[in-house]
2 protein chains.
Amino acid sequence: MTQLSPTPRSTLTRYRERAATDRQALYDLLDEAMICHVGLVLDGSPVVLPTGFGRDGDTLYFHGSTGSRNMRAAASGVDVCVTVTLLDGLVYARSLNNHSMNYRSAVVHGRAEAVTGREAKLRALRAITDHLTPGSWDHAREVNARELAGVTVLALSLAEASVKTRRGEPGDDQEDLGNHAVWAGVLPVRTTFGEPVPAAYHPAGAPIPDHVAGRAGRTQSRTGPLDGSR
Amino acid sequence: MTQLSPTPRSTLTRYRERAATDRQALYDLLDEAMICHVGLVLDGSPVVLPTGFGRDGDTLYFHGSTGSRNMRAAASGVDVCVTVTLLDGLVYARSLNNHSMNYRSAVVHGRAEAVTGREAKLRALRAITDHLTPGSWDHAREVNARELAGVTVLALSLAEASVKTRRGEPGDDQEDLGNHAVWAGVLPVRTTFGEPVPAAYHPAGAPIPDHVAGRAGRTQSRTGPLDGSR
């Protein structure tokens with residue numbers, strides 16, 4: 001197992017027992033989640049924006065319009081913090097104070113770099129596409145030169161990352177363990193795909209390709225070479 | 001309809017057509033989502049952390065341990081940015097460039113204030129509890145004085161907030177509309193609750209109270225006085 005690379009910024013100061021210093025846990029989380037929250041400092045104030053992303057090895061990719069002020073700021077070499085969170089359950093305890101959440105979250109610190117050059121940009125866009133809509137890269141119309149010029153693609157190294165996890169049972173105090181009148185346990189939270197809805201301009205009754213139809217009712221499938229670990 | 005209060009920071013510079021300047025949309029999103037991402041600046045760098053939250057009118061509440069460095073920083077009167085995002089669907093288009101996501105996101109800027117005083121703190125904790133685990137406030141053991149002292153509760157005004165939404169069909173280019181060989185449409189993404197899992201220390205076979213059992217298979221119910229608008 002490759003260890004994460006803790007730094008002062010990525011070392012948790014609380015709940016160290018929840019810090020899973022396991023790179024595989026980072027990959028699994030990133031491959032299952034679909035959106036990240038990108039934090040940066042604009043005019044001295046924090047800004048947090050949601051966006052889709054992809055992963056290729058130890059690089060996280062996200063993209064946006066070249067006209068976006070936030071994307072220009074993120075691409076200018078400033079520090080960013082990218083956080084990815086999956087909520088797995090609501091934890092009901094005997095006491096209100098021990099109510100909690102089961103979750104997995106990754107926090108990545110670093111400086112995002114703009115991906116330049118046609119091949120590198122296409123490779124990054126493919127990582128994002130393969131992550132969010134696997135199968136689309138070979139199915140849909142390719143990105144043309146004008147479209148490629150209109151998108152800013154950013155790369156962030158996963159070198160400085162931490163993963164925090166809470167799972168399992170509630171952690172009730174000794175004094176509350178005998179109070180069986182209060183329910184204690186976990187209500188799982190699941191993110192699943194529904195039935196695909198064709199666009200109005202798509203021929204009615206046309207078959208839905210497997211790369212879309214096969215996802216209905218399922219959670220996000222893992223992508224990439226490190227699949228299948230759970 | 002109450003309008004949001006746009007400021008330069010909360011005015012979207014791109015995709016203005018997606019900005020739903022409707023306070024009800026803000027309430028609905030906050031009442032449906034369970035976690036937010038809190039951004040702040042620590043030692044000059046952005047930090048983005050996930051946490052649960054609650055809402056009471058135009059105030060958002062979140063909490064953490066008094067020992068948390070991030071909570072102390074957030075409580076010190078610095079600017080924070082709290083972002084709440086719900087992913088509603090993956091948008092497949094005829095072209096890769098028009099692939100997108102259906103989502104709702106709220107971005108709230110402001111300075112968080114520590115909630116002090118027993119009554120105000122309990123009211124804020126109740127807002128969080130009623131939001132995440134409705135029914136628990138009256139069912140579980142109340143918060144005692146020691147526990148109340150150990151939790152930092154922060155309040156953030158919703159005065160400076162923006163909501164951004166994408167919904168509906170893919171937006172394909174004219175040149176691609178006739179290319180029916182490529183599937184276009186939306187794959188819905190849903191967050192639902194699974195079957196409750198009792199704690200190992202809870203009596204086997206004991207009934208699960210309605211406030212927990214009634215949520216299985218459902219999405220987050222809306223809470224608060226502004227319910228039922230959708």
# chains A, B, ... in the order shown; residues from 1 in each chain; ligands from 1
>>> interface_residues(of="chain A", to="chain B", cutoff="7 Å", atoms="only C-alpha atoms", output="PyMOL selection string")
chain A and resi 14+39-41+45-50+68+79-83+85+94-97+137+139-143+147+169-170+180+182-199+202+208
>>> select_by_dssp(residues="segment 78-180 of chain A", states="helix (DSSP H, G or I)", output="MDAnalysis selection string")
chainID A and resid 96:98 118:132 136:139 145:149 174:176
>>> closest_residue(among="A:Pro134, A:Leu154, A:Asp28, A:Asp173", to="Lys121 of chain A", atoms="only C-alpha atoms")
A:Leu154
>>> select_by_dssp(residues="segment 76-121 of chain A", states="strand (DSSP E)", output="ChimeraX atom specification")
/A:79-92,100-111,113-114
>>> write_last_selection(atoms="N, CA and C atoms", output="short mmCIF file (atom, residue, chain, number, x, y, z; two decimals), in the first residue's frame")
data_model
loop_
_atom_site.label_atom_id
_atom_site.label_comp_id
_atom_site.auth_asym_id
_atom_site.auth_seq_id
_atom_site.Cartn_x
_atom_site.Cartn_y
_atom_site.Cartn_z
N ASP A 79 -2.50 28.82 -4.65
CA ASP A 79 -2.86 27.63 -3.87
C ASP A 79 -4.34 27.33 -4.04
N VAL A 80 -4.63 26.06 -4.21
CA VAL A 80 -6.02 25.62 -4.20
C VAL A 80 -6.16 24.49 -3.19
N CYS A 81 -7.38 24.28 -2.77
CA CYS A 81 -7.70 23.14 -1.91
C CYS A 81 -8.90 22.46 -2.55
N VAL A 82 -8.74 21.22 -2.93
CA VAL A 82 -9.83 20.47 -3.56
C VAL A 82 -10.30 19.40 -2.59
N THR A 83 -11.57 19.45 -2.26
CA THR A 83 -12.14 18.52 -1.30
C THR A 83 -13.23 17.68 -1.96
N VAL A 84 -13.18 16.39 -1.72
CA VAL A 84 -14.14 15.44 -2.28
C VAL A 84 -14.77 14.68 -1.11
N THR A 85 -16.08 14.68 -1.05
CA THR A 85 -16.76 14.08 0.09
C THR A 85 -17.88 13.16 -0.36
N LEU A 86 -17.95 11.99 0.25
CA LEU A 86 -19.10 11.10 0.06
C LEU A 86 -19.74 10.85 1.41
N LEU A 87 -21.03 11.11 1.48
CA LEU A 87 -21.79 10.84 2.70
C LEU A 87 -22.31 9.41 2.61
N ASP A 88 -21.96 8.59 3.60
CA ASP A 88 -22.33 7.17 3.56
C ASP A 88 -23.48 6.81 4.51
N GLY A 89 -23.71 7.64 5.52
CA GLY A 89 -24.78 7.30 6.44
C GLY A 89 -24.98 8.36 7.51
N LEU A 90 -26.18 8.37 8.08
CA LEU A 90 -26.47 9.21 9.23
C LEU A 90 -26.42 8.32 10.46
N VAL A 91 -25.68 8.76 11.47
CA VAL A 91 -25.44 7.94 12.65
C VAL A 91 -26.31 8.44 13.80
N TYR A 92 -27.27 7.60 14.20
CA TYR A 92 -28.17 7.90 15.32
C TYR A 92 -27.59 7.28 16.58
N SER A 100 -23.82 11.48 14.55
CA SER A 100 -22.67 11.75 13.68
C SER A 100 -23.04 11.38 12.24
N MET A 101 -22.05 11.38 11.39
CA MET A 101 -22.24 10.98 10.01
C MET A 101 -21.13 10.01 9.62
N ASN A 102 -21.49 9.01 8.85
CA ASN A 102 -20.47 8.18 8.21
C ASN A 102 -20.14 8.80 6.87
N TYR A 103 -18.87 8.97 6.60
CA TYR A 103 -18.47 9.67 5.38
C TYR A 103 -17.03 9.30 5.03
N ARG A 104 -16.67 9.64 3.83
CA ARG A 104 -15.27 9.60 3.40
C ARG A 104 -14.97 10.95 2.76
N SER A 105 -13.87 11.57 3.13
CA SER A 105 -13.52 12.83 2.47
C SER A 105 -12.02 12.89 2.21
N ALA A 106 -11.69 13.49 1.10
CA ALA A 106 -10.29 13.71 0.73
C ALA A 106 -10.06 15.21 0.60
N VAL A 107 -8.96 15.66 1.15
CA VAL A 107 -8.58 17.07 1.02
C VAL A 107 -7.22 17.11 0.32
N VAL A 108 -7.16 17.79 -0.80
CA VAL A 108 -5.93 17.87 -1.59
C VAL A 108 -5.48 19.33 -1.65
N HIS A 109 -4.25 19.57 -1.23
CA HIS A 109 -3.68 20.91 -1.31
C HIS A 109 -2.65 20.95 -2.43
N GLY A 110 -2.54 22.08 -3.08
CA GLY A 110 -1.50 22.20 -4.09
C GLY A 110 -1.74 23.42 -4.96
N ARG A 111 -0.96 23.50 -6.01
CA ARG A 111 -1.15 24.57 -6.99
C ARG A 111 -1.57 23.93 -8.29
N GLU A 113 -2.16 23.56 -12.20
CA GLU A 113 -1.45 24.04 -13.39
C GLU A 113 -2.33 23.87 -14.60
N ALA A 114 -2.32 24.85 -15.47
CA ALA A 114 -3.09 24.73 -16.71
C ALA A 114 -2.42 23.68 -17.59
#
>>> atom_distance(atom1="atom CA of Thr116 of chain A", atom2="atom CA of Ala159 of chain A")
20.7 Å
>>> residues_around(residues="Ala155 of chain A", least_positions_apart="2", cutoff="7 Å", atoms="only C-alpha atoms", output="short mmCIF file (atom, residue, chain, number, x, y, z; two decimals) with all heavy atoms, in the first residue's frame")
data_model
loop_
_atom_site.label_atom_id
_atom_site.label_comp_id
_atom_site.auth_asym_id
_atom_site.auth_seq_id
_atom_site.Cartn_x
_atom_site.Cartn_y
_atom_site.Cartn_z
N THR A 59 -2.75 12.41 -10.59
CA THR A 59 -3.15 13.75 -11.01
C THR A 59 -4.67 13.83 -11.07
O THR A 59 -5.33 12.95 -11.61
CB THR A 59 -2.57 14.10 -12.39
OG1 THR A 59 -1.15 13.96 -12.34
CG2 THR A 59 -2.91 15.53 -12.78
N LEU A 60 -5.20 14.89 -10.51
CA LEU A 60 -6.63 15.18 -10.58
C LEU A 60 -6.82 16.27 -11.62
O LEU A 60 -6.07 17.25 -11.66
CB LEU A 60 -7.11 15.64 -9.20
CG LEU A 60 -8.61 15.80 -8.97
CD1 LEU A 60 -8.95 15.39 -7.54
CD2 LEU A 60 -9.03 17.24 -9.21
N TYR A 61 -7.81 16.09 -12.49
CA TYR A 61 -8.09 17.07 -13.54
C TYR A 61 -9.48 17.66 -13.36
O TYR A 61 -10.42 16.95 -13.05
CB TYR A 61 -8.03 16.41 -14.92
CG TYR A 61 -6.66 15.97 -15.36
CD1 TYR A 61 -6.31 14.62 -15.39
CD2 TYR A 61 -5.70 16.91 -15.74
CE1 TYR A 61 -5.05 14.21 -15.79
CE2 TYR A 61 -4.43 16.50 -16.14
CZ TYR A 61 -4.11 15.16 -16.17
OH TYR A 61 -2.87 14.76 -16.56
N PHE A 62 -9.59 18.95 -13.56
CA PHE A 62 -10.91 19.56 -13.65
C PHE A 62 -10.84 20.65 -14.71
O PHE A 62 -9.76 21.08 -15.12
CB PHE A 62 -11.43 20.06 -12.30
CG PHE A 62 -10.51 20.99 -11.55
CD1 PHE A 62 -10.74 22.35 -11.56
CD2 PHE A 62 -9.45 20.49 -10.81
CE1 PHE A 62 -9.91 23.21 -10.85
CE2 PHE A 62 -8.62 21.35 -10.10
CZ PHE A 62 -8.85 22.70 -10.13
N ALA A 112 -2.71 24.35 -8.79
CA ALA A 112 -3.19 23.79 -10.05
C ALA A 112 -2.40 24.39 -11.20
O ALA A 112 -2.00 25.55 -11.17
CB ALA A 112 -4.68 24.09 -10.20
N GLU A 113 -2.16 23.56 -12.20
CA GLU A 113 -1.45 24.04 -13.39
C GLU A 113 -2.33 23.87 -14.60
O GLU A 113 -3.00 22.85 -14.75
CB GLU A 113 -0.17 23.23 -13.61
CG GLU A 113 0.91 23.51 -12.60
CD GLU A 113 2.15 22.65 -12.86
OE1 GLU A 113 2.28 22.10 -13.98
OE2 GLU A 113 2.96 22.53 -11.93
N ALA A 114 -2.32 24.85 -15.47
CA ALA A 114 -3.09 24.73 -16.71
C ALA A 114 -2.42 23.68 -17.59
O ALA A 114 -1.20 23.65 -17.75
CB ALA A 114 -3.13 26.07 -17.44
N VAL A 115 -3.23 22.80 -18.13
CA VAL A 115 -2.73 21.78 -19.05
C VAL A 115 -2.69 22.40 -20.44
O VAL A 115 -3.69 22.95 -20.91
CB VAL A 115 -3.65 20.55 -19.06
CG1 VAL A 115 -3.17 19.51 -20.06
CG2 VAL A 115 -3.75 19.95 -17.66
N VAL A 153 -8.22 23.52 -18.88
CA VAL A 153 -8.10 22.27 -18.12
C VAL A 153 -7.00 22.45 -17.09
O VAL A 153 -5.91 22.92 -17.42
CB VAL A 153 -7.77 21.08 -19.05
CG1 VAL A 153 -7.75 19.79 -18.24
CG2 VAL A 153 -8.77 20.98 -20.18
N SER A 157 -1.71 17.94 -8.61
CA SER A 157 -1.04 16.75 -8.11
C SER A 157 -1.72 16.25 -6.83
O SER A 157 -2.15 17.03 -5.98
CB SER A 157 0.42 17.07 -7.80
OG SER A 157 0.98 16.05 -6.99
#
>>> atom_distance(atom1="atom CA of Ala145 of chain A", atom2="atom CA of Ala75 of chain A")
20.5 Å
